[in-house]
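Here is input20.txt, consisting of compact mmCIF, C-alpha atoms:
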```txt
# COMPACT_ATOMS: atom_id res chain seq x y z
CA GLY A 99 94.21 105.45 88.32
CA LEU A 100 90.78 104.04 87.46
CA SER A 101 89.36 107.24 85.90
CA THR A 102 88.09 106.96 82.35
CA GLN A 103 86.44 110.39 82.05
CA LEU A 104 87.70 113.91 82.79
CA TRP A 105 84.98 114.52 85.41
CA MET A 106 86.23 111.44 87.30
CA LEU A 107 89.68 113.04 87.57
CA PHE A 108 88.15 116.24 88.96
CA VAL A 109 86.07 114.33 91.50
CA ALA A 110 89.04 112.19 92.53
CA ARG A 111 91.28 115.25 92.91
CA ALA A 112 88.65 117.14 94.91
CA LEU A 113 88.14 114.14 97.17
CA ALA A 114 91.90 113.73 97.61
CA GLY A 115 92.21 117.40 98.56
CA ILE A 116 89.37 117.21 101.06
CA LEU A 117 90.62 114.01 102.67
CA SER A 118 94.27 115.09 102.81
CA SER A 119 93.61 118.60 104.10
CA ALA A 120 93.76 117.36 107.69
CA THR A 121 97.09 115.55 107.28
CA LEU A 122 99.45 118.40 108.17
CA PRO A 123 97.36 119.80 111.07
CA THR A 124 97.01 116.27 112.47
CA ALA A 125 100.76 115.66 112.23
CA MET A 126 101.43 118.99 113.92
CA ALA A 127 98.96 118.19 116.68
CA TYR A 128 100.62 114.80 117.20
CA ILE A 129 104.06 116.44 117.47
CA SER A 130 102.64 119.07 119.83
CA ASP A 131 101.03 116.42 122.05
CA SER A 132 104.00 114.05 122.11
CA THR A 133 106.95 116.43 122.59
CA SER A 134 108.06 118.73 125.36
CA HIS A 135 107.95 122.49 124.83
CA ASP A 136 111.72 122.53 124.25
CA GLN A 137 111.60 119.77 121.60
CA ARG A 138 108.48 120.97 119.80
CA SER A 139 110.15 123.26 117.25
CA GLY A 140 112.56 120.46 116.31
CA GLY A 141 109.60 118.13 115.79
CA MET A 142 107.87 120.70 113.61
CA GLY A 143 111.12 121.04 111.64
CA ILE A 144 111.09 117.29 111.02
CA ILE A 145 107.59 117.62 109.57
CA GLY A 146 108.85 120.37 107.25
CA ALA A 147 111.85 118.26 106.24
CA ALA A 148 109.63 115.27 105.50
CA GLN A 149 107.36 117.46 103.42
CA GLY A 150 110.40 118.77 101.54
CA ILE A 151 111.65 115.25 100.85
CA GLY A 152 108.21 114.37 99.51
CA MET A 153 108.28 117.42 97.25
CA VAL A 154 111.63 116.29 95.86
CA LEU A 155 111.05 112.55 95.55
CA GLY A 156 107.34 112.56 94.63
CA PRO A 157 107.55 114.18 91.19
CA GLY A 158 110.72 112.29 90.28
CA ILE A 159 109.32 108.89 91.19
CA GLY A 160 105.89 109.78 89.77
CA GLY A 161 107.41 110.89 86.48
CA TRP A 162 109.51 107.75 86.23
CA LEU A 163 106.48 105.53 86.95
CA ALA A 164 104.24 107.51 84.57
CA ALA A 165 106.67 106.77 81.74
CA GLN A 166 105.62 103.12 82.18
CA SER A 167 101.90 103.84 82.61
CA LEU A 168 99.98 107.01 83.44
CA GLN A 169 97.92 105.08 86.00
CA LEU A 170 100.88 103.48 87.79
CA PRO A 171 101.84 106.47 90.02
CA PHE A 172 98.30 106.58 91.43
CA PHE A 173 98.31 102.89 92.31
CA VAL A 174 101.80 103.05 93.83
CA ALA A 175 100.79 106.10 95.90
CA ALA A 176 97.64 104.29 97.05
CA GLY A 177 99.72 101.26 98.03
CA PHE A 178 102.14 103.42 100.03
CA SER A 179 99.22 105.19 101.71
CA ALA A 180 97.66 101.87 102.73
CA LEU A 181 101.01 100.63 104.02
CA ILE A 182 101.54 103.78 106.08
CA LEU A 183 97.99 103.55 107.46
CA VAL A 184 98.69 100.03 108.71
CA PHE A 185 102.05 101.15 110.12
CA ILE A 186 100.49 104.08 112.01
CA ALA A 187 97.65 101.95 113.37
CA ALA A 188 100.05 99.25 114.55
CA PHE A 189 102.99 101.25 115.91
CA PHE A 190 101.98 104.82 116.81
CA PRO A 191 100.75 105.22 120.37
CA GLU A 192 98.05 107.68 121.38
CA SER A 193 99.79 111.05 121.59
CA LEU A 194 97.85 112.57 124.45
CA PRO A 195 98.30 110.96 127.87
CA ARG A 196 95.14 109.86 129.66
CA SER A 197 95.60 112.54 132.31
CA ALA A 198 95.47 115.30 129.69
CA ARG A 199 92.36 114.03 127.89
CA ARG A 200 89.02 115.73 128.43
CA HIS A 201 86.07 113.42 128.96
CA GLY A 202 82.44 114.39 128.81
CA GLN A 203 83.06 117.95 127.61
CA LYS A 204 81.34 119.32 124.57
CA VAL A 205 83.49 120.66 121.78
CA GLN A 206 82.96 124.38 121.36
CA GLY A 207 81.92 125.66 117.96
CA VAL A 208 83.87 128.12 115.88
CA ASN A 209 83.28 131.76 116.82
CA LEU A 210 82.86 133.45 113.44
CA GLY A 211 83.35 136.89 114.98
CA GLU A 212 86.82 135.92 116.22
CA LEU A 213 87.58 134.36 112.84
CA TRP A 214 86.69 137.56 110.98
CA GLN A 215 88.55 139.64 113.55
CA GLY A 216 91.67 137.57 112.89
CA LEU A 217 91.28 137.79 109.11
CA LEU A 218 90.74 141.55 109.20
CA GLY A 219 93.47 142.13 111.79
CA PRO A 220 97.24 142.45 111.33
CA ILE A 221 97.73 138.76 110.54
CA GLY A 222 95.03 138.84 107.85
CA ILE A 223 97.41 140.06 105.14
CA LEU A 224 99.82 137.21 105.92
CA LEU A 225 96.99 134.69 105.68
CA PHE A 226 95.92 136.22 102.37
CA LEU A 227 99.50 136.07 101.03
CA ALA A 228 99.80 132.44 102.15
CA PHE A 229 96.55 131.69 100.30
CA LEU A 230 97.84 133.39 97.14
CA LEU A 231 101.12 131.48 97.31
CA ASN A 232 99.39 128.12 97.74
CA PHE A 233 96.83 128.93 95.04
CA ALA A 234 99.56 129.91 92.57
CA LEU A 235 101.65 126.84 93.36
CA ALA A 236 98.67 124.51 92.96
CA ASN A 237 97.84 126.08 89.60
CA PHE A 238 101.46 125.87 88.46
CA GLU A 239 101.65 122.18 89.35
CA GLY A 240 98.33 121.57 87.65
CA ILE A 241 99.17 123.13 84.30
CA PHE A 242 102.94 122.79 84.04
CA GLY A 243 102.79 119.27 82.60
CA LEU A 244 100.40 120.35 79.87
CA TYR A 245 102.46 123.45 79.07
CA ALA A 246 105.75 121.51 78.99
CA GLN A 247 104.23 118.88 76.72
CA GLN A 248 102.82 121.46 74.31
CA ARG A 249 105.80 123.84 74.28
CA PHE A 250 108.79 121.50 74.71
CA ASN A 251 107.31 118.08 73.89
CA TYR A 252 108.14 116.84 77.41
CA GLY A 253 106.84 113.50 78.58
CA PRO A 254 106.00 112.42 82.15
CA ARG A 255 109.63 111.65 83.00
CA GLU A 256 110.91 115.10 81.97
CA VAL A 257 108.06 116.88 83.75
CA GLY A 258 108.81 114.87 86.88
CA LEU A 259 112.49 115.77 86.71
CA VAL A 260 111.72 119.50 86.34
CA LEU A 261 109.33 119.39 89.31
CA MET A 262 111.95 117.45 91.28
CA ALA A 263 114.56 120.14 90.50
CA ILE A 264 112.11 122.82 91.65
CA GLY A 265 111.61 120.84 94.87
CA ILE A 266 115.37 120.63 95.47
CA VAL A 267 115.83 124.37 94.94
CA SER A 268 112.84 125.06 97.20
CA ALA A 269 114.23 122.81 99.94
CA ILE A 270 117.64 124.51 99.74
CA VAL A 271 116.08 127.98 99.91
CA GLN A 272 113.78 127.05 102.80
CA GLY A 273 116.39 125.10 104.72
CA ALA A 274 119.53 127.15 104.19
CA LEU A 275 118.57 130.68 103.13
CA THR A 276 115.29 131.54 104.85
CA GLY A 277 116.75 131.62 108.37
CA PRO A 278 119.70 133.93 107.61
CA PHE A 279 117.59 136.21 105.41
CA THR A 280 114.87 136.41 108.05
```
Entire entry expressed as structure tokens:
Amino acid sequence: GLSTQLWMLFVARALAGILSSATLPTAMAYISDSTSHDQRSGGMGIIGAAQGIGMVLGPGIGGWLAAQSLQLPFFVAAGFSALILVFIAAFFPESLPRSARRHGQKVQGVNLGELWQGLLGPIGILLFLAFLLNFALANFEGIFGLYAQQRFNYGPREVGLVLMAIGIVSAIVQGALTGPFT
């Protein structure tokens, strides 16, 4: 929201990506630590549902706010993030009980041989496909607004609505069709 140069946007986006990359694994670890084995898949489903809601509401709200000011969505998102940080610090208990915590043990490093073995093994193609999917989606989200503005003269509100519609279709496919088709 405070960027005045293109390089500032790139730095801010890179920093946002780096800092937010641990969000989903941390949420999954919290669910794993704080639920029983029988309830764990339901907890993971709630994370997926919350992510889906964010994919639907985020572009719609962001597009509506950007119609007022292009900086406004960034400041609103920062405000919500700060509010959630305070909420988590105040109300979320430690997920791992004291009896399950390890004290005085060193954290083991990553075994690169095992990593390469996993990447080159049977699951490697699935990891590669997941990377391609995420890479393509990130590029689509990054350039769609520019394309829609150039080709269809769309503004922030229309781009947000299109992305919101894509999020709704994606949530329906993931929630209702993936299970039966699988």
Using all atoms listed in the file, give me every residue within 12 Å of (113.7, 125.3, 101.9) in file coordinates, as a short mmCIF file (atom, residue, chain, number, x, y, z; two decimals) with C-alpha atoms, keeping the file's coordinate frame.
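Okay, this is what ended up in selection_27.cif:
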```cif
data_model
loop_
_atom_site.label_atom_id
_atom_site.label_comp_id
_atom_site.auth_asym_id
_atom_site.auth_seq_id
_atom_site.Cartn_x
_atom_site.Cartn_y
_atom_site.Cartn_z
CA GLY A 143 111.12 121.04 111.64
CA GLY A 146 108.85 120.37 107.25
CA ALA A 147 111.85 118.26 106.24
CA ALA A 148 109.63 115.27 105.50
CA GLN A 149 107.36 117.46 103.42
CA GLY A 150 110.40 118.77 101.54
CA ILE A 151 111.65 115.25 100.85
CA MET A 153 108.28 117.42 97.25
CA VAL A 154 111.63 116.29 95.86
CA ILE A 264 112.11 122.82 91.65
CA GLY A 265 111.61 120.84 94.87
CA ILE A 266 115.37 120.63 95.47
CA VAL A 267 115.83 124.37 94.94
CA SER A 268 112.84 125.06 97.20
CA ALA A 269 114.23 122.81 99.94
CA ILE A 270 117.64 124.51 99.74
CA VAL A 271 116.08 127.98 99.91
CA GLN A 272 113.78 127.05 102.80
CA GLY A 273 116.39 125.10 104.72
CA ALA A 274 119.53 127.15 104.19
CA LEU A 275 118.57 130.68 103.13
CA THR A 276 115.29 131.54 104.85
CA GLY A 277 116.75 131.62 108.37
CA PRO A 278 119.70 133.93 107.61
#
```
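Of the residues under consideration (A:Arg138, A:Asp131, A:Gln103, A:Ala120), A:Asp131 shows the shortest atom-to-atom contact distance to Pro191 in chain A when counting only C-alpha atoms.
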For CA of Met262 in chain A and CA of Gly115 in chain A, the interatomic separation in Å (one decimal):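 Those two atoms sit 21.0 Å apart.
Using all atoms listed in the file, the shortest contact distance between Ala164 in chain A and any of A:Gly240, A:Gly177, A:Gly207, A:Gly99 is found at A:Gly99.
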Coordinates-based distance that separates CA of Phe233 in chain A from CA of Gln247 in chain A (Å, one decimal):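 So the answer is 22.2 Å.
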Radius query 12 Å about (100.9, 107.7, 82.3), atoms used: only C-alpha atoms, as a list of chain:residue names: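 The distance filter leaves exactly A:Gly99, A:Leu100, A:Gly160, A:Gly161, A:Trp162, A:Leu163, A:Ala164, A:Ala165, A:Gln166, A:Ser167, A:Leu168, A:Gln169, A:Leu170, A:Pro171, A:Phe172, A:Phe173, A:Gly243, A:Gly253, A:Pro254, A:Arg255, A:Val257, A:Gly258.
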What separation in Å, quoted to one decimal, exists between CA of Ser101 in chain A and CA of Ile241 in chain A?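 CA of Ile241 in chain A lies at a distance of 18.7 Å from CA of Ser101 in chain A.
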Taking all atoms listed in the file into account, which of A:Leu259, A:Leu155, A:Ala112, A:Ile129 comes nearest Phe190 in chain A?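 Checking each of A:Leu259, A:Leu155, A:Ala112, A:Ile129 against Phe190 in chain A, counting all atoms listed in the file, the winner is A:Ile129.
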Report as a compact mmCIF listing (two decimals) with C-alpha atoms, in the coordinates of the input all protein, DNA and RNA residues lying within 12 Å of Pro123 in chain A, evaluated on only C-alpha atoms, omitting residues in the same chain fewer than 6 positions from it.
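In the end it all went to out.txt:
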```
# COMPACT_ATOMS: atom_id res chain seq x y z
CA ILE A 129 104.06 116.44 117.47
CA SER A 130 102.64 119.07 119.83
CA MET A 142 107.87 120.70 113.61
CA ILE A 145 107.59 117.62 109.57
```
Near Leu217 in chain A, counting only C-alpha atoms, which residues have an atom at most 9 Å away, once you skip same-chain residues fewer than 6 positions from it, shown as a list in words?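 Contacts, with the query itself left out: Ile223, Leu225 and Phe226 of chain A.
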Starting from the sparse input, extend range 107-129 of chain A to N, CA, C and O atoms and give the output as a compact mmCIF listing (two decimals), in the coordinates of the input.
```txt
# COMPACT_ATOMS: atom_id res chain seq x y z
N LEU A 107 88.42 112.48 87.06
CA LEU A 107 89.68 113.04 87.57
C LEU A 107 89.42 114.22 88.50
O LEU A 107 90.05 114.34 89.55
N PHE A 108 88.48 115.09 88.11
CA PHE A 108 88.15 116.24 88.96
C PHE A 108 87.56 115.79 90.29
O PHE A 108 87.93 116.31 91.35
N VAL A 109 86.67 114.82 90.26
CA VAL A 109 86.07 114.33 91.50
C VAL A 109 87.13 113.67 92.37
O VAL A 109 87.19 113.91 93.59
N ALA A 110 87.99 112.85 91.77
CA ALA A 110 89.04 112.19 92.53
C ALA A 110 90.00 113.20 93.15
O ALA A 110 90.40 113.07 94.31
N ARG A 111 90.36 114.23 92.39
CA ARG A 111 91.28 115.25 92.91
C ARG A 111 90.64 116.06 94.03
O ARG A 111 91.27 116.38 95.03
N ALA A 112 89.37 116.41 93.86
CA ALA A 112 88.65 117.14 94.91
C ALA A 112 88.56 116.30 96.18
O ALA A 112 88.80 116.78 97.29
N LEU A 113 88.23 115.04 96.02
CA LEU A 113 88.14 114.14 97.17
C LEU A 113 89.50 113.97 97.85
O LEU A 113 89.60 114.00 99.08
N ALA A 114 90.55 113.84 97.05
CA ALA A 114 91.90 113.73 97.61
C ALA A 114 92.26 114.99 98.39
O ALA A 114 92.85 114.92 99.47
N GLY A 115 91.92 116.14 97.86
CA GLY A 115 92.21 117.40 98.56
C GLY A 115 91.46 117.51 99.87
O GLY A 115 92.02 117.92 100.89
N ILE A 116 90.19 117.14 99.85
CA ILE A 116 89.37 117.21 101.06
C ILE A 116 89.90 116.24 102.12
O ILE A 116 90.06 116.60 103.29
N LEU A 117 90.19 115.02 101.71
CA LEU A 117 90.62 114.01 102.67
C LEU A 117 92.04 114.25 103.18
O LEU A 117 92.37 113.91 104.31
N SER A 118 92.89 114.87 102.37
CA SER A 118 94.27 115.09 102.81
C SER A 118 94.47 116.43 103.49
O SER A 118 95.55 116.70 104.00
N SER A 119 93.45 117.27 103.51
CA SER A 119 93.61 118.60 104.10
C SER A 119 93.89 118.55 105.60
O SER A 119 94.45 119.49 106.15
N ALA A 120 93.52 117.48 106.25
CA ALA A 120 93.76 117.36 107.69
C ALA A 120 95.09 116.70 108.02
O ALA A 120 95.45 116.59 109.19
N THR A 121 95.84 116.28 107.03
CA THR A 121 97.09 115.55 107.28
C THR A 121 98.11 116.39 108.04
O THR A 121 98.62 115.98 109.08
N LEU A 122 98.44 117.57 107.53
CA LEU A 122 99.45 118.40 108.17
C LEU A 122 99.00 118.89 109.55
O LEU A 122 99.77 118.78 110.51
N PRO A 123 97.77 119.40 109.72
CA PRO A 123 97.36 119.80 111.07
C PRO A 123 97.36 118.63 112.07
O PRO A 123 97.71 118.80 113.23
N THR A 124 97.00 117.44 111.59
CA THR A 124 97.01 116.27 112.47
C THR A 124 98.44 115.91 112.87
O THR A 124 98.71 115.62 114.04
N ALA A 125 99.36 115.95 111.91
CA ALA A 125 100.76 115.66 112.23
C ALA A 125 101.31 116.69 113.20
O ALA A 125 102.04 116.36 114.15
N MET A 126 100.96 117.95 113.00
CA MET A 126 101.43 118.99 113.92
C MET A 126 100.84 118.81 115.32
O MET A 126 101.54 119.01 116.31
N ALA A 127 99.57 118.44 115.38
CA ALA A 127 98.96 118.19 116.68
C ALA A 127 99.62 117.01 117.38
O ALA A 127 99.85 117.03 118.60
N TYR A 128 99.95 115.97 116.63
CA TYR A 128 100.62 114.80 117.20
C TYR A 128 101.98 115.20 117.76
O TYR A 128 102.34 114.82 118.88
N ILE A 129 102.75 115.97 117.00
CA ILE A 129 104.06 116.44 117.47
C ILE A 129 103.87 117.30 118.71
O ILE A 129 104.60 117.18 119.69
```
